[in-house]
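Below is data_24.cif, which holds mmCIF, C-alpha atoms.
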```cif
data_structure
#
loop_
_atom_site.label_atom_id
_atom_site.label_comp_id
_atom_site.auth_asym_id
_atom_site.auth_seq_id
_atom_site.Cartn_x
_atom_site.Cartn_y
_atom_site.Cartn_z
CA MET Z 1 79.84 -78.93 -1.11
CA VAL Z 2 80.71 -82.51 -2.32
CA THR Z 3 84.24 -83.21 -3.49
CA ALA Z 4 86.08 -86.29 -4.72
CA ALA Z 5 87.75 -86.61 -1.34
CA GLN Z 6 84.40 -86.45 0.42
CA PRO Z 7 81.89 -88.63 -1.47
CA LEU Z 8 79.24 -88.60 1.23
CA PRO Z 9 77.55 -85.23 1.75
CA LEU Z 10 77.17 -83.87 5.25
CA PRO Z 11 73.64 -83.39 6.55
CA ALA Z 12 72.32 -79.96 5.58
CA THR Z 13 71.29 -79.22 9.16
CA ARG Z 14 74.69 -79.94 10.72
CA PRO Z 15 76.41 -76.68 11.82
CA HIS Z 16 79.98 -75.95 10.93
CA PRO Z 17 82.20 -77.08 13.82
CA ARG Z 18 83.88 -73.65 14.06
CA GLN Z 19 81.51 -70.75 13.67
CA PRO Z 20 83.41 -67.50 13.13
CA ARG Z 21 82.97 -65.00 15.91
CA GLN Z 22 81.81 -61.48 15.28
CA PRO Z 23 84.72 -59.07 15.48
CA ARG Z 24 84.81 -57.00 18.66
CA ALA Z 25 84.24 -53.28 18.17
CA THR Z 26 87.56 -51.84 19.27
CA SER Z 27 87.66 -48.96 16.78
CA VAL Z 28 87.25 -45.35 17.88
CA ARG Z 29 85.06 -44.63 14.86
CA HIS Z 30 81.91 -44.39 16.97
CA LEU Z 31 83.53 -42.76 19.99
CA GLY Z 32 81.73 -39.42 20.15
CA PRO Z 33 82.22 -36.28 22.25
CA ASN Z 34 79.82 -37.69 24.85
CA TRP Z 35 82.77 -39.75 26.12
CA TYR Z 36 84.03 -36.67 27.96
CA ALA Z 37 81.07 -37.09 30.33
CA PRO Z 38 82.78 -39.85 32.39
CA VAL Z 39 85.75 -37.51 32.90
CA MET Z 40 83.45 -34.78 34.19
CA GLY Z 41 81.55 -37.19 36.42
CA THR Z 42 84.73 -38.59 37.94
CA ALA Z 43 86.32 -35.19 38.55
CA ILE Z 44 83.22 -33.88 40.34
CA VAL Z 45 83.22 -36.87 42.70
CA ALA Z 46 86.70 -35.82 43.82
CA THR Z 47 86.17 -32.07 44.13
CA ALA Z 48 82.71 -32.28 45.69
CA GLY Z 49 84.02 -34.69 48.32
CA ALA Z 50 86.93 -32.41 49.15
CA GLY Z 51 84.59 -29.42 49.43
CA LEU Z 52 82.42 -31.22 51.98
CA ALA Z 53 85.28 -32.19 54.25
CA GLY Z 54 86.37 -28.83 55.57
CA GLY Z 55 84.48 -25.95 57.14
CA VAL Z 56 80.94 -26.82 56.02
CA PRO Z 57 78.27 -26.64 58.74
CA GLY Z 58 76.48 -29.96 58.80
CA GLY Z 59 78.95 -31.45 56.31
CA LEU Z 60 81.41 -34.28 56.62
CA PRO Z 61 83.84 -34.04 59.54
CA GLY Z 62 87.22 -32.79 58.36
CA GLY Z 63 89.08 -35.47 60.24
CA VAL Z 64 87.67 -38.46 58.34
CA PRO Z 65 90.77 -40.67 57.90
CA GLY Z 66 91.93 -40.96 54.32
CA LEU Z 67 89.07 -38.86 52.89
CA ARG Z 68 91.25 -36.28 51.17
CA THR Z 69 93.67 -38.94 49.93
CA ALA Z 70 90.77 -40.90 48.45
CA CYS Z 71 89.43 -37.78 46.74
CA THR Z 72 92.88 -36.95 45.36
CA THR Z 73 93.16 -40.49 43.99
CA VAL Z 74 89.84 -40.08 42.22
CA TRP Z 75 91.05 -36.76 40.78
CA ALA Z 76 94.19 -38.49 39.47
CA LEU Z 77 91.92 -41.08 37.86
CA SER Z 78 89.95 -38.29 36.15
CA LEU Z 79 93.21 -36.81 34.84
CA ALA Z 80 94.22 -40.19 33.40
CA MET Z 81 90.76 -40.60 31.86
CA LEU Z 82 91.00 -37.13 30.31
CA LEU Z 83 94.31 -37.98 28.65
CA ALA Z 84 92.93 -41.30 27.37
CA VAL Z 85 89.79 -39.72 25.89
CA LEU Z 86 91.78 -36.85 24.34
CA ILE Z 87 94.04 -39.37 22.60
CA ALA Z 88 91.09 -41.48 21.45
CA ARG Z 89 89.22 -38.44 20.15
CA THR Z 90 92.34 -37.24 18.32
CA LEU Z 91 92.57 -40.61 16.60
CA HIS Z 92 88.87 -40.34 15.82
CA TRP Z 93 89.38 -37.01 14.03
CA ILE Z 94 92.48 -38.25 12.19
CA HIS Z 95 91.08 -41.55 10.93
CA HIS Z 96 87.30 -40.98 10.89
CA ARG Z 97 86.76 -37.38 9.82
CA ASP Z 98 83.55 -38.30 8.02
CA GLN Z 99 82.07 -39.58 11.25
CA ALA Z 100 83.37 -36.56 13.18
CA ARG Z 101 81.65 -34.23 10.71
CA ALA Z 102 78.51 -36.34 10.96
CA HIS Z 103 78.53 -35.82 14.73
CA LEU Z 104 78.69 -32.05 14.22
CA LEU Z 105 75.71 -32.19 11.87
CA ASP Z 106 73.71 -34.46 14.16
CA PRO Z 107 71.48 -32.33 16.44
CA SER Z 108 71.46 -35.07 19.07
CA MET Z 109 75.29 -35.33 19.19
CA ALA Z 110 76.62 -31.83 18.44
CA PRO Z 111 75.69 -30.38 21.87
CA PHE Z 112 78.05 -32.88 23.49
CA TYR Z 113 80.98 -30.84 22.20
CA GLY Z 114 80.36 -28.72 25.27
CA CYS Z 115 81.52 -31.70 27.34
CA LEU Z 116 85.10 -31.29 26.09
CA SER Z 117 85.24 -27.84 27.67
CA MET Z 118 83.70 -29.00 30.94
CA ALA Z 119 86.01 -32.01 31.19
CA LEU Z 120 89.09 -29.80 30.85
CA LEU Z 121 87.73 -27.31 33.37
CA ALA Z 122 86.67 -29.94 35.91
CA VAL Z 123 90.08 -31.65 35.92
CA GLY Z 124 91.84 -28.28 36.08
CA GLY Z 125 89.74 -27.20 39.06
CA GLY Z 126 90.57 -30.47 40.76
CA ALA Z 127 94.27 -29.72 40.37
CA MET Z 128 93.81 -26.57 42.45
CA THR Z 129 91.70 -28.16 45.18
CA LEU Z 130 93.29 -31.63 45.39
CA GLY Z 131 96.12 -32.21 42.92
CA ARG Z 132 98.32 -29.63 44.63
CA ASP Z 133 98.77 -32.10 47.50
CA TRP Z 134 100.71 -34.41 45.18
CA ILE Z 135 102.19 -32.19 42.48
CA GLY Z 136 102.70 -28.99 44.47
CA VAL Z 137 101.04 -25.59 44.19
CA PRO Z 138 103.17 -24.19 41.31
CA ALA Z 139 102.51 -27.24 39.12
CA ALA Z 140 98.82 -27.22 40.05
CA VAL Z 141 98.51 -23.55 39.11
CA THR Z 142 100.26 -24.17 35.80
CA LEU Z 143 98.10 -27.18 34.99
CA ASP Z 144 94.89 -25.37 35.90
CA THR Z 145 95.93 -22.29 33.93
CA VAL Z 146 96.39 -24.39 30.80
CA LEU Z 147 93.20 -26.41 31.26
CA PHE Z 148 91.12 -23.42 32.33
CA GLY Z 149 92.31 -21.28 29.41
CA THR Z 150 91.81 -24.05 26.87
CA GLY Z 151 88.50 -25.20 28.33
CA THR Z 152 87.11 -21.67 28.52
CA ALA Z 153 88.07 -20.91 24.91
CA ILE Z 154 86.48 -24.16 23.69
CA GLY Z 155 83.40 -23.56 25.82
CA LEU Z 156 82.85 -20.07 24.44
CA VAL Z 157 83.24 -21.34 20.88
CA ALA Z 158 80.82 -24.22 21.54
CA ALA Z 159 78.28 -21.86 23.14
CA VAL Z 160 78.14 -19.98 19.82
CA ALA Z 161 78.93 -22.67 17.24
CA VAL Z 162 76.44 -25.32 18.38
CA PRO Z 163 73.40 -22.98 18.42
CA TYR Z 164 74.58 -21.60 15.06
CA LEU Z 165 74.63 -25.13 13.59
CA MET Z 166 71.21 -25.81 15.09
CA VAL Z 167 69.82 -22.76 13.29
CA VAL Z 168 71.48 -23.01 9.87
CA ARG Z 169 72.35 -26.71 9.40
CA HIS Z 170 70.33 -28.93 11.69
CA ARG Z 171 66.76 -29.75 10.88
CA ILE Z 172 64.88 -30.15 14.14
CA GLU Z 173 61.21 -31.04 14.25
CA PRO Z 174 58.89 -28.94 16.43
CA GLY Z 175 58.57 -30.22 19.98
CA ARG Z 176 61.91 -32.09 19.94
CA ALA Z 177 63.79 -29.99 22.51
CA THR Z 178 65.82 -32.07 24.96
CA PRO Z 179 68.00 -31.25 28.00
CA VAL Z 180 71.05 -32.16 25.88
CA TRP Z 181 70.70 -28.71 24.30
CA LEU Z 182 71.89 -27.22 27.58
CA LEU Z 183 75.37 -28.76 27.41
CA PRO Z 184 77.17 -26.11 25.32
CA LEU Z 185 75.36 -23.36 27.23
CA VAL Z 186 76.50 -24.63 30.64
CA ALA Z 187 80.19 -24.72 29.70
CA PRO Z 188 80.74 -20.95 30.32
CA MET Z 189 79.08 -21.38 33.73
CA VAL Z 190 81.64 -24.04 34.65
CA SER Z 191 84.36 -21.53 33.72
CA ALA Z 192 82.60 -18.93 35.88
CA ALA Z 193 82.54 -21.30 38.86
CA LEU Z 194 86.16 -22.50 38.58
CA GLY Z 195 87.89 -19.32 37.40
CA PRO Z 196 87.87 -17.78 40.90
CA LEU Z 197 90.29 -20.51 42.03
CA LEU Z 198 92.98 -18.79 39.95
CA VAL Z 199 92.21 -15.24 41.11
CA PRO Z 200 94.45 -15.31 44.24
CA HIS Z 201 97.38 -16.52 42.11
CA LEU Z 202 97.28 -13.51 39.78
CA PRO Z 203 99.04 -10.20 40.51
CA ALA Z 204 96.96 -7.91 42.69
CA GLY Z 205 94.94 -5.18 41.05
CA GLN Z 206 93.71 -5.22 37.46
CA PRO Z 207 94.56 -8.89 36.64
CA ARG Z 208 92.54 -10.25 39.57
CA GLU Z 209 89.62 -7.91 39.03
CA THR Z 210 89.55 -8.61 35.31
CA LEU Z 211 89.37 -12.37 35.79
CA LEU Z 212 86.66 -12.10 38.43
CA LEU Z 213 84.54 -9.79 36.28
CA ALA Z 214 85.11 -12.04 33.26
CA CYS Z 215 83.76 -14.95 35.31
CA LEU Z 216 80.78 -12.84 36.31
CA ALA Z 217 80.16 -12.04 32.63
CA MET Z 218 80.26 -15.74 31.73
CA PHE Z 219 77.83 -16.38 34.59
CA GLY Z 220 75.36 -13.97 32.99
CA MET Z 221 75.99 -15.30 29.50
CA SER Z 222 75.22 -18.85 30.54
CA ILE Z 223 72.26 -18.29 32.83
CA VAL Z 224 70.39 -16.07 30.35
CA ALA Z 225 70.94 -18.63 27.55
CA VAL Z 226 69.69 -21.41 29.82
CA LEU Z 227 66.59 -19.37 30.73
CA VAL Z 228 65.83 -19.13 26.99
CA VAL Z 229 66.14 -22.87 26.34
CA LEU Z 230 64.72 -24.36 29.55
CA PRO Z 231 61.10 -23.31 28.85
CA MET Z 232 61.29 -25.13 25.50
CA ILE Z 233 62.36 -28.30 27.31
CA VAL Z 234 59.53 -28.06 29.83
CA ALA Z 235 57.03 -27.33 27.05
CA ARG Z 236 58.27 -30.36 25.11
CA LEU Z 237 57.73 -32.62 28.14
CA ILE Z 238 54.23 -31.31 28.78
CA THR Z 239 53.01 -31.34 25.18
CA GLU Z 240 54.86 -34.36 23.78
CA GLY Z 241 55.11 -36.60 26.84
CA PRO Z 242 58.15 -38.34 28.40
CA LEU Z 243 61.50 -38.55 26.68
CA PRO Z 244 62.52 -41.83 24.97
CA LEU Z 245 63.69 -44.38 27.54
CA ALA Z 246 67.39 -44.17 26.68
CA LEU Z 247 67.30 -40.36 26.86
CA THR Z 248 65.41 -40.11 30.16
CA PRO Z 249 68.58 -39.73 32.31
CA ALA Z 250 69.29 -36.51 30.38
CA LEU Z 251 66.62 -34.86 32.55
CA PHE Z 252 69.33 -34.62 35.22
CA LEU Z 253 71.27 -32.27 32.94
CA VAL Z 254 68.93 -29.46 33.97
CA LEU Z 255 70.51 -29.64 37.43
CA GLY Z 256 73.86 -28.64 35.90
CA PRO Z 257 73.21 -24.93 35.33
CA LEU Z 258 71.26 -24.71 38.59
CA GLY Z 259 73.93 -26.23 40.81
CA GLN Z 260 76.84 -24.71 38.92
CA SER Z 261 75.41 -21.18 39.02
CA THR Z 262 74.81 -21.51 42.77
CA THR Z 263 78.41 -22.67 43.15
CA ALA Z 264 79.67 -19.80 41.00
CA ALA Z 265 77.79 -17.20 43.04
CA GLY Z 266 79.38 -18.58 46.20
CA MET Z 267 82.84 -18.56 44.65
CA PHE Z 268 82.45 -14.92 43.62
CA ALA Z 269 81.65 -14.03 47.22
CA ASP Z 270 84.65 -16.00 48.49
CA VAL Z 271 87.27 -14.18 46.42
CA ALA Z 272 85.67 -10.74 45.97
CA PRO Z 273 86.99 -9.05 49.15
CA GLY Z 274 90.13 -7.12 48.24
CA VAL Z 275 89.64 -7.80 44.52
CA VAL Z 276 86.71 -5.49 43.75
CA PRO Z 277 85.65 -2.38 45.68
CA ALA Z 278 83.95 -3.06 49.01
CA PRO Z 279 80.35 -2.28 47.96
CA TYR Z 280 80.58 -4.77 45.09
CA ALA Z 281 82.24 -7.38 47.29
CA ARG Z 282 79.39 -7.10 49.81
CA GLY Z 283 76.90 -7.24 46.95
CA LEU Z 284 78.39 -10.48 45.68
CA GLY Z 285 78.09 -11.91 49.20
CA VAL Z 286 74.40 -11.02 49.19
CA LEU Z 287 73.99 -12.47 45.69
CA ALA Z 288 75.42 -15.81 46.83
CA VAL Z 289 72.54 -16.24 49.28
CA LEU Z 290 69.63 -14.42 47.62
CA TYR Z 291 70.32 -16.14 44.30
CA GLY Z 292 71.54 -19.49 45.57
CA VAL Z 293 68.75 -20.38 47.99
CA PRO Z 294 65.81 -20.01 45.53
CA VAL Z 295 67.72 -21.72 42.73
CA MET Z 296 68.64 -24.63 45.01
CA GLY Z 297 64.95 -24.92 45.87
CA PHE Z 298 64.06 -25.25 42.19
CA ALA Z 299 66.92 -27.74 41.76
CA LEU Z 300 65.37 -29.98 44.42
CA LEU Z 301 62.00 -29.74 42.68
CA TRP Z 302 63.56 -30.74 39.37
CA LEU Z 303 65.57 -33.52 41.04
CA ALA Z 304 62.37 -35.06 42.38
CA LEU Z 305 60.75 -34.88 38.93
CA ALA Z 306 63.83 -36.37 37.23
CA VAL Z 307 64.04 -39.23 39.74
CA ALA Z 308 60.35 -40.04 39.27
CA MET Z 309 60.67 -40.03 35.47
CA THR Z 310 63.81 -42.19 35.64
CA LEU Z 311 62.13 -44.76 37.88
CA ARG Z 312 59.21 -44.85 35.45
CA ALA Z 313 61.58 -45.41 32.52
CA ARG Z 314 63.44 -48.11 34.42
CA ARG Z 315 60.21 -49.99 35.06
CA ARG Z 316 59.53 -49.85 31.34
CA GLY Z 317 62.86 -51.42 30.43
CA MET Z 318 65.37 -48.58 30.25
CA GLY Z 319 68.80 -50.18 29.83
CA PHE Z 320 72.27 -48.80 30.37
CA ALA Z 321 73.57 -46.18 27.96
CA MET Z 322 76.18 -43.43 28.14
CA THR Z 323 73.35 -41.06 29.11
CA TRP Z 324 73.58 -42.58 32.62
CA TRP Z 325 76.59 -40.30 33.19
CA ALA Z 326 74.03 -37.50 33.39
CA PHE Z 327 73.39 -38.80 36.91
CA THR Z 328 76.86 -37.65 38.03
CA PHE Z 329 78.20 -34.20 37.09
CA PRO Z 330 74.88 -32.30 37.44
CA VAL Z 331 74.27 -33.81 40.88
CA GLY Z 332 77.86 -32.98 41.83
CA THR Z 333 77.29 -29.32 41.00
CA CYS Z 334 74.34 -29.34 43.40
CA VAL Z 335 76.59 -30.84 46.08
CA SER Z 336 79.10 -28.00 45.71
CA GLY Z 337 76.28 -25.45 45.50
CA ALA Z 338 74.64 -26.68 48.70
CA ALA Z 339 78.02 -26.77 50.46
CA GLY Z 340 78.63 -23.16 49.41
CA LEU Z 341 75.27 -22.11 50.82
CA ALA Z 342 76.12 -23.85 54.09
CA ARG Z 343 79.34 -21.83 54.33
CA HIS Z 344 77.71 -18.50 53.51
CA THR Z 345 74.58 -18.90 55.63
CA GLY Z 346 75.89 -21.06 58.48
CA VAL Z 347 72.75 -23.21 58.15
CA ALA Z 348 73.60 -26.85 58.84
CA ALA Z 349 70.61 -28.04 56.81
CA PHE Z 350 72.42 -27.07 53.63
CA GLY Z 351 75.45 -29.08 54.73
CA GLY Z 352 73.20 -32.07 55.42
CA LEU Z 353 71.64 -31.66 51.98
CA ALA Z 354 75.11 -31.60 50.41
CA VAL Z 355 76.04 -34.84 52.19
CA ALA Z 356 72.80 -36.54 51.07
CA LEU Z 357 73.36 -35.46 47.48
CA TYR Z 358 76.97 -36.65 47.66
CA VAL Z 359 75.81 -40.11 48.72
CA LEU Z 360 73.50 -40.11 45.67
CA LEU Z 361 76.42 -38.97 43.52
CA LEU Z 362 78.68 -41.78 44.75
CA ALA Z 363 76.00 -44.38 44.07
CA ALA Z 364 75.34 -43.04 40.58
CA TRP Z 365 79.04 -42.81 39.74
CA SER Z 366 79.71 -46.37 40.95
CA VAL Z 367 76.94 -47.82 38.79
CA ALA Z 368 77.85 -45.78 35.71
CA ALA Z 369 81.57 -46.55 36.06
CA VAL Z 370 81.06 -50.30 36.45
CA ARG Z 371 78.62 -50.52 33.55
CA THR Z 372 80.89 -48.41 31.33
CA ALA Z 373 83.92 -50.56 32.11
CA ARG Z 374 81.88 -53.67 31.32
CA GLY Z 375 80.71 -52.16 28.03
CA LEU Z 376 84.27 -51.26 27.04
CA VAL Z 377 85.56 -54.75 27.77
CA SER Z 378 82.77 -56.37 25.76
CA GLY Z 379 83.11 -53.80 22.97
CA GLU Z 380 79.40 -53.03 23.08
CA LEU Z 381 79.81 -49.33 23.84
CA LEU Z 382 82.18 -48.80 20.91
CA ALA Z 383 80.01 -50.66 18.41
CA ALA Z 384 78.08 -48.90 15.69
CA PRO Z 385 74.73 -47.55 16.93
CA ARG Z 386 71.75 -49.75 16.23
CA ARG Z 387 69.43 -48.57 13.50
#
```
Take the structure in the file and give it back as structure tokens.
Amino acid sequence: MVTAAQPLPLPATRPHPRQPRQPRATSVRHLGPNWYAPVMGTAIVATAGAGLAGGVPGGLPGGVPGLRTACTTVWALSLAMLLAVLIARTLHWIHHRDQARAHLLDPSMAPFYGCLSMALLAVGGGAMTLGRDWIGVPAAVTLDTVLFGTGTAIGLVAAVAVPYLMVVRHRIEPGRATPVWLLPLVAPMVSAALGPLLVPHLPAGQPRETLLLACLAMFGMSIVAVLVVLPMIVARLITEGPLPLALTPALFLVLGPLGQSTTAAGMFADVAPGVVPAPYARGLGVLAVLYGVPVMGFALLWLALAVAMTLRARRRGMGFAMTWWAFTFPVGTCVSGAAGLARHTGVAAFGGLAVALYVLLLAAWSVAAVRTARGLVSGELLAAPRR
């Protein structure tokens, strides 16, 4: 503009000396339930590492200096992350209820509500395996009891509520099945795998047997539901082609029910003696091997397919997104599953497989953690999604 105090107009092409910066996205409005995935991925790094260190044929030597301390530190980090995300998600529901409801009605986001359950369960399980070193066994049992009870209740609700919403509210086009659909169905399997940690701390008799059988029931609930959905995912890949680039890492989510169910079967065999009658205890020991070995074989087949598809997507320009956390927790469940098979069979090859998968897990976690931290600092990950 030209004013009396400025008789000569400025050139039209001259930029303003101080261009206003775009505000940084620091709001929690767009912080969805998928943000529990980093908590899960961090907790599994800790617990899988601890499981490899002791008594696993072909695994890591138990005397590695500082290994358990490092794993406990990572568990403490996952606990801090859980508290931070719980607070942020609470603020999200208080101040942005419209967006929270939109997430529930979004078929691509609603399944991530299963991650809340798994985050609580993973941190609680870490308290029993690692946190007890720092906070003591009584405090660890109390913490895990609270997180396991809450996580299991939320997981069971999600396993029913999310499929219900998909049927009656979501409008999903034919051939659009994705591995994300597995998330609420896997949550009961995580409860099944971690519940046995609490069995020895219950009174002998009915309480212990009830919890173990409840875990076995959740094992069946989850695996049958997964067997219903997984063929739809495979059919979608074959008939419709590869997933969108940003969603390609979600292929690793299929490893979750495979590795977690193998881990659960091994945990049942570990705690069954003296809890259920001898014939059933022996049967669970047999199940750990006869179920776990074939399922781990299929997990390796799917891992090879997922890696090949991810490399293809990367060559075509796949950038970082929160879906990269799918590289962590599912692989971690395969680490614990392979370690369990090494203990129950005595075959060192399973221990070596667990170590190799753990190296992959550490690499994936490091990349995802660094890129997530960078995205939080820049505000990019909390910005509104691009249309």
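Of note, CA of Gly58 in chain Z and CA of Ala281 in chain Z are spaced 26.0 Å apart.
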**Message:** Calculated over all atoms listed in the file, which of the candidates Z:Met189, Z:Ile87, Z:Ala153, Z:Val293 has the smallest distance to Met218 in chain Z?
**Reply:** Z:Met189
**Message:** I'd like the neighbourhood of range 36-50 of chain Z as a ChimeraX atom specification, where a residue qualifies if any of its atoms comes within 9 Å (using only C-alpha atoms), though same-chain residues fewer than 3 positions away should be ignored.
**Reply:** /Z:32-33,53-54,60,67-68,70-82,85-86,112-113,115-123,125-126,129-130,322-323,325-333,335-336,339,354-355,358,361-362,365,368-369,372
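Counting all atoms listed in the file, Pro174 in chain Z has the following residues at most 12 Å away, ignoring those fewer than 4 positions along the same chain: Thr178, Met232, Ile233, Ala235, Arg236, Thr239 and Glu240 of chain Z.
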With C-alpha atoms kept, could you save the residues just selected as a compact mmCIF listing (two decimals), keeping the file's coordinate frame?
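To be explicit, this is the file written out as again-v5.txt:
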```txt
# COMPACT_ATOMS: atom_id res chain seq x y z
CA THR Z 178 65.82 -32.07 24.96
CA MET Z 232 61.29 -25.13 25.50
CA ILE Z 233 62.36 -28.30 27.31
CA ALA Z 235 57.03 -27.33 27.05
CA ARG Z 236 58.27 -30.36 25.11
CA THR Z 239 53.01 -31.34 25.18
CA GLU Z 240 54.86 -34.36 23.78
```
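The residue that comes closest to Leu197 in chain Z, out of Z:Leu211, Z:Ala139, Z:Ala288, Z:Leu255 and on the basis of only C-alpha atoms, is Z:Leu211.
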**Asked** If we count only C-alpha atoms, what is near Ala217 in chain Z at a cut-off of 12 Å, once residues fewer than 6 positions away on the same chain are taken out, given as a ChimeraX atom specification?
**Response** /Z:156,188-189,191-193,195,210-211,223-224,264-265,268
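Among the candidates Z:Arg374, Z:His170, Z:His103, Z:Arg208, the one nearest to Val276 in chain Z when counting all atoms listed in the file is Z:Arg208.
We find CA of Pro277 in chain Z and CA of Gly220 in chain Z to be spaced 20.0 Å apart.
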**Nearest to Cys334 in chain Z by atom-to-atom distance, counting all atoms listed in the file, from Z:Phe219, Z:Tyr291, Z:Phe350, Z:Trp93** = Z:Phe350
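CA of Leu243 in chain Z is found 13.7 Å from CA of Trp181 in chain Z.
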Around range 248-263 of chain Z, with edges along x, y and z and 8 Å added on all six sides, what centre and edge lengths do you get, in Å to one decimal, as JSON?
```
{"center_x": 71.9, "center_y": -30.6, "center_z": 36.7, "size_x": 29.0, "size_y": 34.9, "size_z": 29.0}
```
**Message:** I'd like to see the residues matched by the PyMOL selection byres ((chain Z and resi 96-100) around 10) on this file, and ideally I'd get them as a VMD selection string.
**Reply:** chain Z and resid 27 to 33 89 to 95 101 to 106 110
Please write the residues picked by the PyMOL selection byres ((chain Z and resi 289) around 10) on this file as a tab-separated table (two decimals) with C-alpha atoms, keeping the file's coordinate frame.
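Result file is result36.tsv:
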```tsv
chain	number	residue	atom	x	y	z
Z	262	THR	CA	74.81	-21.51	42.77
Z	265	ALA	CA	77.79	-17.20	43.04
Z	266	GLY	CA	79.38	-18.58	46.20
Z	269	ALA	CA	81.65	-14.03	47.22
Z	284	LEU	CA	78.39	-10.48	45.68
Z	285	GLY	CA	78.09	-11.91	49.20
Z	286	VAL	CA	74.40	-11.02	49.19
Z	287	LEU	CA	73.99	-12.47	45.69
Z	288	ALA	CA	75.42	-15.81	46.83
Z	290	LEU	CA	69.63	-14.42	47.62
Z	291	TYR	CA	70.32	-16.14	44.30
Z	292	GLY	CA	71.54	-19.49	45.57
Z	293	VAL	CA	68.75	-20.38	47.99
Z	294	PRO	CA	65.81	-20.01	45.53
Z	295	VAL	CA	67.72	-21.72	42.73
Z	340	GLY	CA	78.63	-23.16	49.41
Z	341	LEU	CA	75.27	-22.11	50.82
Z	342	ALA	CA	76.12	-23.85	54.09
Z	344	HIS	CA	77.71	-18.50	53.51
Z	345	THR	CA	74.58	-18.90	55.63
```
**Message:** When the PyMOL selection byres ((chain Z and resi 158-164) around 6) is applied to the structure above, which residues does it catch, written out as a ChimeraX atom specification?
**Reply:** /Z:114,155-157,165-167,184-185
